[in-house]
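Asks: Provided below: protein.tsv, containing TSV, C-alpha atoms and all ligand atoms.
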```tsv
chain	number	residue	atom	x	y	z
A	228	MET	CA	128.04	57.42	70.81
A	229	LEU	CA	130.07	54.49	72.10
A	230	VAL	CA	131.82	52.43	69.40
A	231	LEU	CA	133.33	49.01	70.03
A	232	GLY	CA	136.15	48.24	67.58
A	233	ILE	CA	137.45	44.76	66.79
A	234	GLU	CA	140.69	44.23	64.84
A	235	SER	CA	141.67	40.72	63.72
A	236	SER	CA	143.20	41.14	60.26
A	237	CYS	CA	146.57	39.52	60.97
A	238	ASP	CA	148.47	38.54	64.10
A	239	GLU	CA	147.03	40.92	66.67
A	240	THR	CA	143.63	40.69	68.33
A	241	GLY	CA	142.65	44.22	69.29
A	242	VAL	CA	139.48	45.43	70.97
A	243	ALA	CA	138.69	49.00	72.03
A	244	LEU	CA	135.94	51.36	73.05
A	245	VAL	CA	135.90	54.85	71.59
A	246	GLU	CA	133.45	57.58	72.52
A	247	ALA	CA	132.36	60.20	69.98
A	248	GLN	CA	130.36	63.28	70.88
A	249	GLY	CA	129.01	65.55	68.17
A	250	THR	CA	131.78	66.46	65.80
A	251	ALA	CA	134.54	66.44	68.43
A	252	VAL	CA	137.53	64.16	67.86
A	253	PRO	CA	136.58	60.77	69.40
A	254	VAL	CA	138.17	59.76	72.68
A	255	LEU	CA	139.64	56.37	73.53
A	256	ARG	CA	137.88	54.95	76.60
A	257	ALA	CA	139.66	51.59	76.87
A	258	GLN	CA	141.58	49.13	74.78
A	259	ALA	CA	143.07	45.65	75.02
A	260	LEU	CA	145.43	43.82	72.72
A	261	HIS	CA	146.81	40.33	72.40
A	262	SER	CA	149.81	39.90	70.14
A	263	GLN	CA	150.39	36.48	68.60
A	264	ILE	CA	154.06	37.18	67.94
A	265	GLY	CA	155.22	34.58	70.47
A	266	MET	CA	153.07	31.91	68.82
A	267	HIS	CA	154.25	32.60	65.25
A	268	GLN	CA	157.91	33.13	66.13
A	269	ALA	CA	158.69	29.43	65.91
A	270	TYR	CA	157.59	29.46	62.26
A	271	GLY	CA	159.42	32.65	61.23
A	272	GLY	CA	156.19	34.30	60.11
A	273	VAL	CA	152.43	34.35	60.49
A	274	VAL	CA	150.65	30.98	60.09
A	275	PRO	CA	147.13	31.99	58.97
A	276	GLU	CA	145.27	28.99	60.41
A	277	LEU	CA	146.89	29.43	63.82
A	278	ALA	CA	146.15	33.15	63.68
A	279	SER	CA	142.41	32.57	63.10
A	280	ARG	CA	142.17	30.04	65.93
A	281	ASP	CA	143.92	32.34	68.34
A	282	HIS	CA	141.65	35.28	67.44
A	283	ILE	CA	138.68	33.06	68.34
A	284	ARG	CA	140.22	32.32	71.74
A	285	ARG	CA	141.05	35.95	72.53
A	286	VAL	CA	138.33	38.18	71.16
A	287	LEU	CA	135.60	37.72	73.78
A	288	PRO	CA	137.86	37.85	76.87
A	289	LEU	CA	139.46	41.01	75.44
A	290	THR	CA	135.99	42.51	74.87
A	291	GLN	CA	135.08	41.73	78.47
A	292	GLN	CA	138.33	43.30	79.66
A	293	VAL	CA	137.70	46.49	77.69
A	294	LEU	CA	134.14	46.83	78.99
A	295	GLU	CA	135.32	46.40	82.57
A	296	GLU	CA	138.08	48.95	82.11
A	297	ALA	CA	135.59	51.48	80.76
A	298	SER	CA	133.07	50.62	83.51
A	299	SER	CA	130.58	49.80	80.77
A	300	VAL	CA	128.35	46.90	79.81
A	301	LEU	CA	127.44	45.44	76.42
A	302	ALA	CA	124.13	47.33	76.40
A	303	ASP	CA	126.02	50.67	76.49
A	304	ILE	CA	127.57	50.05	73.07
A	305	ASP	CA	125.93	51.97	70.21
A	306	VAL	CA	127.86	50.61	67.22
A	307	ILE	CA	130.11	47.59	66.72
A	308	ALA	CA	132.93	48.10	64.23
A	309	TYR	CA	135.22	45.43	62.82
A	310	THR	CA	138.05	45.23	60.32
A	311	ARG	CA	136.49	44.16	57.03
A	312	GLY	CA	139.82	44.03	55.16
A	313	PRO	CA	142.41	43.88	53.85
A	314	GLY	CA	144.05	40.99	55.70
A	315	LEU	CA	143.99	37.22	56.16
A	316	ALA	CA	140.55	35.89	55.17
A	317	GLY	CA	140.13	33.48	58.09
A	318	ALA	CA	141.41	35.99	60.61
A	319	LEU	CA	139.10	38.72	59.29
A	320	LEU	CA	136.13	36.34	59.47
A	321	VAL	CA	136.62	35.91	63.22
A	322	GLY	CA	136.30	39.65	63.92
A	323	ALA	CA	133.45	40.06	61.42
A	324	GLY	CA	131.60	37.03	62.77
A	325	VAL	CA	131.90	38.09	66.39
A	326	ALA	CA	130.92	41.70	65.59
A	327	CYS	CA	127.84	40.60	63.65
A	328	ALA	CA	126.83	38.03	66.27
A	329	LEU	CA	127.13	40.65	69.03
A	330	GLY	CA	125.23	43.15	66.89
A	331	ALA	CA	122.42	40.68	66.18
A	332	ALA	CA	122.18	39.61	69.81
A	333	LEU	CA	122.16	43.18	71.13
A	334	GLY	CA	120.13	44.70	68.29
A	335	LYS	CA	123.00	47.13	67.60
A	336	PRO	CA	124.24	48.18	64.15
A	337	VAL	CA	127.61	47.08	62.80
A	338	LEU	CA	130.12	48.71	60.49
A	339	GLY	CA	132.99	47.12	58.54
A	340	VAL	CA	136.12	49.28	58.51
A	341	HIS	CA	139.05	49.47	56.10
A	342	HIS	CA	142.18	48.52	58.04
A	343	LEU	CA	144.33	51.14	56.30
A	344	GLU	CA	141.83	53.89	57.02
A	345	GLY	CA	142.21	52.89	60.66
A	346	HIS	CA	145.99	53.34	60.44
A	347	LEU	CA	145.57	56.59	58.52
A	348	LEU	CA	143.31	58.17	61.13
A	349	SER	CA	145.09	56.72	64.20
A	350	PRO	CA	147.10	59.94	64.93
A	351	PHE	CA	143.76	61.56	65.85
A	352	LEU	CA	143.86	59.57	69.09
A	353	GLY	CA	147.20	61.15	70.02
A	354	ALA	CA	147.89	64.12	72.26
A	355	ASP	CA	148.67	66.21	69.17
A	356	PRO	CA	145.97	65.39	66.59
A	357	PRO	CA	146.51	66.73	63.06
A	358	GLN	CA	144.14	69.00	61.16
A	359	PHE	CA	142.99	68.35	57.61
A	360	PRO	CA	144.40	68.63	55.01
A	361	PHE	CA	147.64	66.70	55.39
A	362	VAL	CA	149.99	64.35	53.57
A	363	ALA	CA	149.97	60.84	55.01
A	364	LEU	CA	152.77	58.31	54.75
A	365	LEU	CA	151.20	54.92	55.34
A	366	VAL	CA	153.92	52.38	56.04
A	367	SER	CA	152.86	48.94	57.22
A	368	GLY	CA	153.81	45.34	56.60
A	369	GLY	CA	151.72	45.16	53.46
A	370	HIS	CA	151.43	48.74	52.25
A	371	THR	CA	153.53	51.79	51.46
A	372	GLN	CA	151.56	54.76	50.21
A	373	LEU	CA	151.74	58.52	50.20
A	374	MET	CA	148.36	60.16	50.30
A	375	ARG	CA	146.83	63.57	50.29
A	376	VAL	CA	144.09	63.57	52.92
A	377	ASP	CA	141.52	66.38	52.78
A	378	GLY	CA	139.05	64.85	55.21
A	379	VAL	CA	137.54	61.53	56.23
A	380	GLY	CA	137.09	59.53	53.01
A	381	GLN	CA	138.81	62.22	50.95
A	382	TYR	CA	142.01	60.47	50.01
A	383	GLU	CA	144.14	60.89	46.95
A	384	VAL	CA	146.94	58.42	46.38
A	385	LEU	CA	150.07	60.38	45.44
A	386	GLY	CA	152.41	57.43	45.18
A	387	GLU	CA	152.79	53.83	46.33
A	388	THR	CA	155.09	50.88	46.20
A	389	ILE	CA	155.31	48.99	42.95
A	390	ASP	CA	156.52	45.82	44.70
A	391	ASP	CA	157.45	45.19	48.36
A	392	ALA	CA	156.18	47.36	51.20
A	393	ALA	CA	158.60	49.14	53.55
A	394	GLY	CA	157.65	46.81	56.41
A	395	GLU	CA	158.26	43.86	54.13
A	396	ALA	CA	161.73	45.23	53.31
A	397	PHE	CA	162.48	45.35	57.04
A	398	ASP	CA	160.98	41.90	57.64
A	399	LYS	CA	162.66	40.15	54.71
A	400	SER	CA	166.06	41.75	55.35
A	401	ALA	CA	165.86	40.77	59.01
A	402	LYS	CA	164.87	37.23	58.08
A	403	LEU	CA	167.80	36.72	55.76
A	404	MET	CA	170.14	37.99	58.48
A	405	GLY	CA	168.56	35.44	60.82
A	406	LEU	CA	167.10	38.11	63.12
A	407	GLY	CA	163.69	36.47	63.39
A	408	TYR	CA	160.13	37.72	63.28
A	409	PRO	CA	158.81	40.39	63.34
A	410	GLY	CA	161.81	41.73	61.50
A	411	GLY	CA	161.24	45.49	61.72
A	412	PRO	CA	161.74	45.95	65.46
A	413	ALA	CA	164.45	43.24	65.53
A	414	LEU	CA	166.48	44.89	62.77
A	415	ALA	CA	166.00	48.35	64.31
A	416	ARG	CA	167.30	47.06	67.65
A	417	VAL	CA	170.44	45.55	66.13
A	418	ALA	CA	170.99	48.66	63.97
A	419	GLN	CA	171.30	50.91	67.02
A	420	ASP	CA	174.99	50.11	67.46
A	421	GLY	CA	175.89	50.04	63.77
A	422	ASP	CA	177.37	52.41	61.21
A	423	PRO	CA	174.63	53.31	58.69
A	424	ALA	CA	177.25	54.24	56.08
A	425	ALA	CA	179.24	50.99	56.35
A	426	TYR	CA	177.69	49.27	53.32
A	427	LYS	CA	176.51	50.91	50.13
A	428	LEU	CA	172.95	49.82	49.44
A	429	PRO	CA	170.61	51.14	46.72
A	430	ARG	CA	167.93	53.78	47.33
A	431	PRO	CA	165.37	52.52	44.77
A	432	LEU	CA	163.35	55.10	42.81
A	433	LEU	CA	164.85	57.94	44.84
A	434	HIS	CA	165.27	60.02	41.72
A	435	SER	CA	162.34	58.62	39.76
A	436	GLY	CA	160.64	61.99	39.56
A	437	ASN	CA	157.44	60.58	41.02
A	438	LEU	CA	156.27	59.53	44.48
A	439	ASP	CA	156.31	55.76	43.95
A	440	PHE	CA	158.46	53.34	45.94
A	441	SER	CA	160.20	50.06	45.20
A	442	PHE	CA	161.94	47.89	47.78
A	443	ALA	CA	162.42	44.54	46.00
A	444	GLY	CA	165.83	45.55	44.61
A	445	LEU	CA	167.02	46.65	48.02
A	446	LYS	CA	166.13	43.26	49.45
A	447	THR	CA	168.24	41.57	46.75
A	448	ALA	CA	171.16	43.94	47.45
A	449	VAL	CA	170.91	43.14	51.18
A	450	LEU	CA	170.92	39.44	50.33
A	451	VAL	CA	174.06	39.78	48.20
A	452	GLN	CA	175.84	41.88	50.85
A	453	THR	CA	174.84	39.47	53.63
A	454	ARG	CA	176.13	36.45	51.67
A	455	LYS	CA	179.41	38.24	50.99
A	456	LEU	CA	179.93	39.04	54.66
A	457	VAL	CA	178.90	35.57	55.80
A	458	ALA	CA	181.32	33.97	53.33
A	459	ALA	CA	184.12	36.21	54.61
A	460	HIS	CA	183.47	35.41	58.26
A	461	ALA	CA	182.15	31.83	58.21
A	462	GLY	CA	185.55	30.18	58.09
A	463	GLU	CA	186.23	26.82	56.52
A	464	ALA	CA	184.76	24.67	59.26
A	465	SER	CA	181.14	25.53	58.56
A	466	SER	CA	178.99	23.36	56.35
A	467	GLY	CA	175.99	24.83	54.53
A	468	PRO	CA	175.10	28.52	54.55
A	469	PRO	CA	175.16	29.72	58.17
A	470	ALA	CA	172.95	32.57	59.35
A	471	ALA	CA	174.50	36.04	59.51
A	472	VAL	CA	173.40	36.38	63.11
A	473	ASP	CA	175.48	33.30	64.04
A	474	VAL	CA	178.74	34.12	62.26
A	475	LEU	CA	179.09	37.87	61.87
A	476	PRO	CA	180.87	39.81	64.61
A	477	PRO	CA	178.25	41.93	66.45
A	478	GLN	CA	179.65	45.18	65.04
A	479	VAL	CA	179.50	43.91	61.45
A	480	LEU	CA	175.94	42.64	61.89
A	481	ALA	CA	174.93	45.95	63.50
A	482	SER	CA	176.39	47.92	60.59
A	483	LEU	CA	174.68	45.69	58.04
A	484	ALA	CA	171.36	46.26	59.83
A	485	ALA	CA	172.04	50.00	60.19
A	486	SER	CA	172.91	50.33	56.48
A	487	THR	CA	169.69	48.53	55.54
A	488	GLN	CA	167.61	50.70	57.83
A	489	ALA	CA	169.33	53.83	56.49
A	490	ALA	CA	168.41	52.94	52.90
A	491	ILE	CA	164.73	52.37	53.75
A	492	VAL	CA	164.52	55.47	55.95
A	493	GLU	CA	166.18	57.74	53.39
A	494	VAL	CA	163.72	56.77	50.67
A	495	LEU	CA	160.70	57.21	52.97
A	496	LEU	CA	162.03	60.55	54.19
A	497	LYS	CA	162.89	62.06	50.80
A	498	LYS	CA	159.64	60.93	49.15
A	499	SER	CA	157.60	62.33	52.06
A	500	LEU	CA	159.35	65.69	51.75
A	501	ALA	CA	158.74	65.62	47.99
A	502	ALA	CA	155.05	64.95	48.64
A	503	LEU	CA	154.89	68.00	50.91
A	504	ARG	CA	156.50	70.11	48.20
A	505	HIS	CA	154.21	68.66	45.53
A	506	THR	CA	151.01	69.40	47.48
A	507	GLY	CA	152.20	72.63	49.08
A	508	LEU	CA	151.04	71.24	52.45
A	509	GLN	CA	152.97	71.66	55.68
A	510	ARG	CA	151.54	68.76	57.68
A	511	LEU	CA	152.73	65.18	57.49
A	512	VAL	CA	151.08	62.23	59.24
A	513	ILE	CA	152.92	58.93	59.65
A	514	ALA	CA	150.84	55.79	60.14
A	515	GLY	CA	151.36	52.03	60.17
A	516	GLY	CA	153.79	49.71	61.91
A	517	VAL	CA	156.98	51.12	60.37
A	518	GLY	CA	155.96	54.48	61.86
A	519	ALA	CA	157.20	53.06	65.16
A	520	ASN	CA	160.76	53.13	63.80
A	521	ARG	CA	162.76	55.55	65.92
A	522	GLU	CA	165.36	56.37	63.28
A	523	LEU	CA	162.59	57.26	60.80
A	524	ARG	CA	160.96	59.49	63.43
A	525	ARG	CA	164.26	61.15	64.30
A	526	GLN	CA	165.09	61.99	60.68
A	527	LEU	CA	161.56	63.10	59.82
A	528	ASP	CA	161.41	65.37	62.87
A	529	ALA	CA	164.73	67.00	62.00
A	530	ALA	CA	163.99	67.45	58.28
A	531	CYS	CA	160.45	68.78	58.80
A	532	ALA	CA	161.60	71.16	61.53
A	533	ARG	CA	164.17	72.57	59.07
A	534	GLN	CA	161.47	73.43	56.56
A	535	GLY	CA	158.78	74.54	58.99
A	536	ALA	CA	156.54	71.50	58.45
A	537	ARG	CA	154.88	69.52	61.26
A	538	VAL	CA	154.88	65.75	61.68
A	539	HIS	CA	152.15	63.89	63.56
A	540	TYR	CA	152.54	60.30	64.69
A	541	PRO	CA	150.14	57.89	66.34
A	542	GLU	CA	151.08	57.07	69.93
A	543	LEU	CA	153.78	54.39	69.71
A	544	HIS	CA	151.42	51.65	70.93
A	545	LEU	CA	148.87	52.62	68.23
A	546	CYS	CA	151.37	52.37	65.34
A	547	THR	CA	150.95	48.64	64.94
A	548	ASP	CA	147.58	46.91	64.61
A	549	ASN	CA	145.03	47.63	67.33
A	550	GLY	CA	141.30	47.88	67.96
A	551	ALA	CA	141.36	51.58	68.84
A	552	MET	CA	142.06	52.68	65.27
A	553	ILE	CA	139.16	50.55	64.00
A	554	ALA	CA	136.70	52.02	66.52
A	555	LEU	CA	138.08	55.49	65.73
A	556	ALA	CA	137.76	55.13	61.94
A	557	ALA	CA	134.18	53.89	62.35
A	558	ALA	CA	133.31	56.80	64.67
A	559	MET	CA	134.86	59.35	62.29
A	560	ARG	CA	133.07	57.88	59.26
A	561	LEU	CA	129.77	58.03	61.12
A	562	GLN	CA	130.44	61.59	62.33
A	563	SER	CA	131.29	62.75	58.82
A	564	GLY	CA	128.23	61.13	57.29
A	565	GLN	CA	130.44	59.05	55.02
A	566	GLN	CA	128.71	55.84	56.00
A	567	GLU	CA	125.92	54.46	58.13
A	568	ALA	CA	126.11	51.44	60.40
A	569	THR	CA	123.79	48.62	59.41
A	570	ARG	CA	121.53	46.08	61.10
A	571	VAL	CA	122.04	43.71	58.17
A	572	TYR	CA	124.42	41.19	59.69
A	573	ALA	CA	125.62	39.66	56.43
A	574	PHE	CA	129.26	39.86	57.38
A	575	ASP	CA	131.51	39.69	54.40
A	576	VAL	CA	135.21	40.35	54.47
A	577	LYS	CA	137.55	41.74	51.84
A	578	PRO	CA	141.00	40.16	52.17
A	579	ARG	CA	142.14	42.26	49.21
A	580	TRP	CA	140.72	45.73	49.38
A	581	GLY	CA	142.34	48.85	47.95
A	582	LEU	CA	141.95	52.09	49.84
A	583	ASP	CA	141.10	53.64	46.44
A	584	SER	CA	137.59	52.22	46.68
A	585	LEU	CA	136.94	54.55	49.63
A	586	VAL	CA	138.34	57.52	47.81
A	587	ARG	CA	136.08	60.41	47.16
A	588	LYS	CA	137.78	63.18	45.30
A	589	PHE	CA	137.23	66.38	47.23
A	590	ASP	CA	135.08	68.82	45.30
A	591	PRO	CA	133.59	71.63	47.38
A	592	THR	CA	131.12	72.48	44.60
A	593	ILE	CA	129.38	69.11	44.93
A	594	ALA	CA	127.05	68.50	47.88
A	595	THR	CA	128.53	65.58	49.81
A	596	THR	CA	125.35	63.64	50.53
A	597	GLU	CA	125.74	59.99	51.47
A	598	THR	CA	125.43	57.41	48.70
A	601	LIG	O1	150.73	48.11	60.59
A	601	LIG	P1	151.28	46.81	61.02
A	601	LIG	O2	151.20	46.43	62.47
A	601	LIG	O3	150.61	45.62	60.27
A	601	LIG	C1	150.20	45.70	58.96
A	601	LIG	O4	149.06	46.20	58.74
A	601	LIG	O5	151.02	45.28	58.10
A	601	LIG	O6	152.79	46.81	60.52
A	601	LIG	C2	153.62	45.74	60.74
A	601	LIG	C3	154.95	46.06	60.09
A	601	LIG	C4	155.90	44.89	60.09
A	601	LIG	O7	156.49	44.80	58.81
A	601	LIG	C5	156.92	45.26	61.16
A	601	LIG	O8	158.18	44.67	60.93
A	601	LIG	C6	156.96	46.76	61.01
A	601	LIG	O9	155.62	47.12	60.81
A	601	LIG	N1	157.51	47.42	62.20
A	601	LIG	C7	158.68	48.10	62.21
A	601	LIG	C8	158.88	48.54	63.54
A	601	LIG	N2	157.82	48.12	64.30
A	601	LIG	C9	156.99	47.44	63.45
A	601	LIG	N3	159.55	48.37	61.22
A	601	LIG	C10	160.65	49.09	61.53
A	601	LIG	N4	160.93	49.52	62.78
A	601	LIG	C11	160.08	49.29	63.81
A	601	LIG	N5	160.36	49.73	65.03
A	602	ZN	ZN	148.14	47.22	59.99
```
Would you mind writing the file out in C-alpha cells?
Replies:
Amino acid sequence: MLVLGIESSCDETGVALVEAQGTAVPVLRAQALHSQIGMHQAYGGVVPELASRDHIRRVLPLTQQVLEEASSVLADIDVIAYTRGPGLAGALLVGAGVACALGAALGKPVLGVHHLEGHLLSPFLGADPPQFPFVALLVSGGHTQLMRVDGVGQYEVLGETIDDAAGEAFDKSAKLMGLGYPGGPALARVAQDGDPAAYKLPRPLLHSGNLDFSFAGLKTAVLVQTRKLVAAHAGEASSGPPAAVDVLPPQVLASLAASTQAAIVEVLLKKSLAALRHTGLQRLVIAGGVGANRELRRQLDAACARQGARVHYPELHLCTDNGAMIALAAAMRLQSGQQEATRVYAFDVKPRWGLDSLVRKFDPTIATTET
C-alpha cells in the first residue's frame, strides 16, 4: 500500500510517499519539503494568508518531485492522506483540497489525518522505532502534552499545558530578545555559549504534583529580566526601548538565552520522568518541533540512561512539520483498522481539533471493531 501524505497546516508544505506492507512498520519512500520561514521572517511570525498562497504554489511541484524520487507515478498511489487539523484554516484547506481533487481524479480514497498524531507516530520512521506502550512528550509550537500511548489511537492524556506551549515559550522569549522567527532554533543557537545558571527564572508547576505545564509566567519573567538587562546596558544615548540583541554584550545575551532554555528544558525533563514513574513505563518518545532541541535531548538521554529508561526521537528532519509523518499516521491507522479511507471527497478541515477526540481507552476485554 502506497500512501501519499500532504502536510500544509502552518508554514511548511510537506509531501511524502510511505509504503506499508502487512503489519510491518511503514517505510518512507521519498519526501519533499518547502519551508516558508524565509517568507514570514520579515513579519516576525506566520502570516496566514501568505502561508495559504504559498502552499498552493508548492504542493503540486513537491508532489511531482516525490513521485520522481520514488520512481513512481500518480496511478501507483493507493491512498492520499492530508492534514485535516489542527492548524490554520486556509492553509489546511489547500492540502485538503488538493488531496481530494487528486483522489477524485484518480479514483483513489482519501484520509484526513490529525497533525499531532503525525508528530506522535513520527519516531516510527526512525532507525530505532519504539514499541508500544510508551509515554510520549509532544512538544510543538502549539501543543505541550504528556501521553500514555498503548497503540495507534490508544492515547491517554496524562498532562498538558494550561496556557502557552513549550514552543511558544521559546518563540515568544526569542522574539522579545529580538532574535527573530522561528524563535526556538534561534534561541537555542545563541544559548550555546551562555551560562544556564546566570539568571534565576521560574520553573512553573514543577512541584504541582500533577503532569500539567504552564509557560506563561516564565515568559513574563523573561520579559522582566530582559528589560532589566537592556536598561542596564542601553546607556543614555538610546531613545525608545532597544532590542536586547542590539544592546546586550554577546555573553550576556547568550546567558539570558541559556537561562531561558534551561528553565523550559528542566520542566519538560522532570515532568517526563514523573510520567514514566506514574505509568511504570520505561520508554519515552519525544515528538514535535521542540524535540529538535539539542539541550533537551542531551538532558533526557542522560537522565533516562541513569534510570534504565529508553528515549526515542524522530529523525531530526522529521521533528518539525513534514509530509512523511502524515503519510505514516494514515498508513498506521489503516493497518490497525482504526479508520478507513473514503471516496467521499467532501474535504472538511478542523483548525481546532483536540487529540482527545481520537482517543480510545485501551480495554483488552472489548473487541476493537471499527466504528
Ligand atoms: O511541530 P512544529 O514544527 O510545528 C507545530 O506543529 O507547532 O513545531 C514548531 C515549534 C516552534 O515553536 C519552534 O520554535 C520549535 O518548534 N523548535 C524548537 C527547535 N526547533 C524548532 N524549539 C527549541 N529548539 C529547537 N532546536
Ligand atoms: Zn507540528
Asks: Provide an axis-aligned box for all listed atoms of ligand LIG 601 (chain A), padding each side by 4 Å; report its centre and its edge lengths in Å to one decimal, as JSON.
Replies:
```
{"center_x": 155.0, "center_y": 47.2, "center_z": 61.6, "size_x": 19.9, "size_y": 13.1, "size_z": 14.9}
```
Asks: Please identify all protein, DNA and RNA residues within 7 Å of ligand ZN 602 (chain A), counting all atoms listed in the file, and report them as a ChimeraX atom specification.
Replies: /A:342-343,346,367-368,515-516,547-548
Asks: Go through chain A residue by residue and, counting only C-alpha atoms and all ligand atoms, keep those with an atom at most 10 Å from ligand LIG 601 (chain A); for each kept residue give the shortest atom pair and its distance in Å to one decimal, ordered by chain and increasing number, as a Markdown table.
Replies:
```
| residue | atom | partner | partner_atom | distance |
| --- | --- | --- | --- | --- |
| A:Ser236 | CA | A:LIG601 | O4 | 7.9 |
| A:Cys237 | CA | A:LIG601 | O3 | 7.3 |
| A:Asp238 | CA | A:LIG601 | O3 | 8.3 |
| A:Glu239 | CA | A:LIG601 | O2 | 8.1 |
| A:Pro313 | CA | A:LIG601 | O4 | 8.6 |
| A:Gly314 | CA | A:LIG601 | O4 | 7.8 |
| A:His342 | CA | A:LIG601 | O4 | 7.3 |
| A:Leu343 | CA | A:LIG601 | O4 | 7.3 |
| A:Gly345 | CA | A:LIG601 | O4 | 9.8 |
| A:His346 | CA | A:LIG601 | O1 | 7.1 |
| A:Leu365 | CA | A:LIG601 | O1 | 8.6 |
| A:Val366 | CA | A:LIG601 | O1 | 7.0 |
| A:Ser367 | CA | A:LIG601 | O6 | 3.9 |
| A:Gly368 | CA | A:LIG601 | O5 | 3.2 |
| A:Gly369 | CA | A:LIG601 | O5 | 4.7 |
| A:His370 | CA | A:LIG601 | O5 | 6.8 |
| A:Thr371 | CA | A:LIG601 | O5 | 9.6 |
| A:Ala392 | CA | A:LIG601 | O7 | 8.0 |
| A:Ala393 | CA | A:LIG601 | O7 | 7.1 |
| A:Gly394 | CA | A:LIG601 | O7 | 3.3 |
| A:Glu395 | CA | A:LIG601 | O7 | 5.1 |
| A:Ala396 | CA | A:LIG601 | O7 | 7.6 |
| A:Phe397 | CA | A:LIG601 | O8 | 5.8 |
| A:Asp398 | CA | A:LIG601 | O8 | 5.1 |
| A:Lys399 | CA | A:LIG601 | O7 | 8.7 |
| A:Ala401 | CA | A:LIG601 | O8 | 8.8 |
| A:Tyr408 | CA | A:LIG601 | O8 | 7.6 |
| A:Pro409 | CA | A:LIG601 | O8 | 5.0 |
| A:Gly410 | CA | A:LIG601 | O8 | 4.7 |
| A:Gly411 | CA | A:LIG601 | O8 | 3.3 |
| A:Pro412 | CA | A:LIG601 | N5 | 4.0 |
| A:Ala413 | CA | A:LIG601 | C11 | 7.7 |
| A:Leu414 | CA | A:LIG601 | N4 | 7.2 |
| A:Ala415 | CA | A:LIG601 | N4 | 5.4 |
| A:Arg416 | CA | A:LIG601 | N5 | 7.9 |
| A:Gln488 | CA | A:LIG601 | C10 | 8.0 |
| A:Ile491 | CA | A:LIG601 | C10 | 9.4 |
| A:Val492 | CA | A:LIG601 | C10 | 9.3 |
| A:Ala514 | CA | A:LIG601 | O1 | 7.7 |
| A:Gly515 | CA | A:LIG601 | O1 | 4.0 |
| A:Gly516 | CA | A:LIG601 | O9 | 3.4 |
| A:Val517 | CA | A:LIG601 | N3 | 3.9 |
| A:Gly518 | CA | A:LIG601 | C8 | 6.8 |
| A:Ala519 | CA | A:LIG601 | N5 | 4.6 |
| A:Asn520 | CA | A:LIG601 | N5 | 3.6 |
| A:Arg521 | CA | A:LIG601 | N5 | 6.4 |
| A:Glu522 | CA | A:LIG601 | N4 | 8.2 |
| A:Leu523 | CA | A:LIG601 | N4 | 8.2 |
| A:Arg524 | CA | A:LIG601 | N5 | 9.9 |
| A:Leu543 | CA | A:LIG601 | N2 | 9.2 |
| A:His544 | CA | A:LIG601 | N2 | 9.9 |
| A:Leu545 | CA | A:LIG601 | O2 | 8.8 |
| A:Cys546 | CA | A:LIG601 | O1 | 6.4 |
| A:Thr547 | CA | A:LIG601 | O2 | 3.3 |
| A:Asp548 | CA | A:LIG601 | O2 | 4.2 |
| A:Asn549 | CA | A:LIG601 | O2 | 7.9 |
```
Asks: Write a file of the just-selected residues containing C-alpha atoms, as an mmCIF file, in the frame of the given file.
Replies:
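Now in out.cif:
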```
data_model
loop_
_atom_site.group_PDB
_atom_site.id
_atom_site.type_symbol
_atom_site.label_atom_id
_atom_site.label_comp_id
_atom_site.auth_asym_id
_atom_site.auth_seq_id
_atom_site.Cartn_x
_atom_site.Cartn_y
_atom_site.Cartn_z
ATOM 1 C CA SER A 236 143.200 41.140 60.260
ATOM 2 C CA CYS A 237 146.570 39.520 60.970
ATOM 3 C CA ASP A 238 148.470 38.540 64.100
ATOM 4 C CA GLU A 239 147.030 40.920 66.670
ATOM 5 C CA PRO A 313 142.410 43.880 53.850
ATOM 6 C CA GLY A 314 144.050 40.990 55.700
ATOM 7 C CA HIS A 342 142.180 48.520 58.040
ATOM 8 C CA LEU A 343 144.330 51.140 56.300
ATOM 9 C CA GLY A 345 142.210 52.890 60.660
ATOM 10 C CA HIS A 346 145.990 53.340 60.440
ATOM 11 C CA LEU A 365 151.200 54.920 55.340
ATOM 12 C CA VAL A 366 153.920 52.380 56.040
ATOM 13 C CA SER A 367 152.860 48.940 57.220
ATOM 14 C CA GLY A 368 153.810 45.340 56.600
ATOM 15 C CA GLY A 369 151.720 45.160 53.460
ATOM 16 C CA HIS A 370 151.430 48.740 52.250
ATOM 17 C CA THR A 371 153.530 51.790 51.460
ATOM 18 C CA ALA A 392 156.180 47.360 51.200
ATOM 19 C CA ALA A 393 158.600 49.140 53.550
ATOM 20 C CA GLY A 394 157.650 46.810 56.410
ATOM 21 C CA GLU A 395 158.260 43.860 54.130
ATOM 22 C CA ALA A 396 161.730 45.230 53.310
ATOM 23 C CA PHE A 397 162.480 45.350 57.040
ATOM 24 C CA ASP A 398 160.980 41.900 57.640
ATOM 25 C CA LYS A 399 162.660 40.150 54.710
ATOM 26 C CA ALA A 401 165.860 40.770 59.010
ATOM 27 C CA TYR A 408 160.130 37.720 63.280
ATOM 28 C CA PRO A 409 158.810 40.390 63.340
ATOM 29 C CA GLY A 410 161.810 41.730 61.500
ATOM 30 C CA GLY A 411 161.240 45.490 61.720
ATOM 31 C CA PRO A 412 161.740 45.950 65.460
ATOM 32 C CA ALA A 413 164.450 43.240 65.530
ATOM 33 C CA LEU A 414 166.480 44.890 62.770
ATOM 34 C CA ALA A 415 166.000 48.350 64.310
ATOM 35 C CA ARG A 416 167.300 47.060 67.650
ATOM 36 C CA GLN A 488 167.610 50.700 57.830
ATOM 37 C CA ILE A 491 164.730 52.370 53.750
ATOM 38 C CA VAL A 492 164.520 55.470 55.950
ATOM 39 C CA ALA A 514 150.840 55.790 60.140
ATOM 40 C CA GLY A 515 151.360 52.030 60.170
ATOM 41 C CA GLY A 516 153.790 49.710 61.910
ATOM 42 C CA VAL A 517 156.980 51.120 60.370
ATOM 43 C CA GLY A 518 155.960 54.480 61.860
ATOM 44 C CA ALA A 519 157.200 53.060 65.160
ATOM 45 C CA ASN A 520 160.760 53.130 63.800
ATOM 46 C CA ARG A 521 162.760 55.550 65.920
ATOM 47 C CA GLU A 522 165.360 56.370 63.280
ATOM 48 C CA LEU A 523 162.590 57.260 60.800
ATOM 49 C CA ARG A 524 160.960 59.490 63.430
ATOM 50 C CA LEU A 543 153.780 54.390 69.710
ATOM 51 C CA HIS A 544 151.420 51.650 70.930
ATOM 52 C CA LEU A 545 148.870 52.620 68.230
ATOM 53 C CA CYS A 546 151.370 52.370 65.340
ATOM 54 C CA THR A 547 150.950 48.640 64.940
ATOM 55 C CA ASP A 548 147.580 46.910 64.610
ATOM 56 C CA ASN A 549 145.030 47.630 67.330
#
```
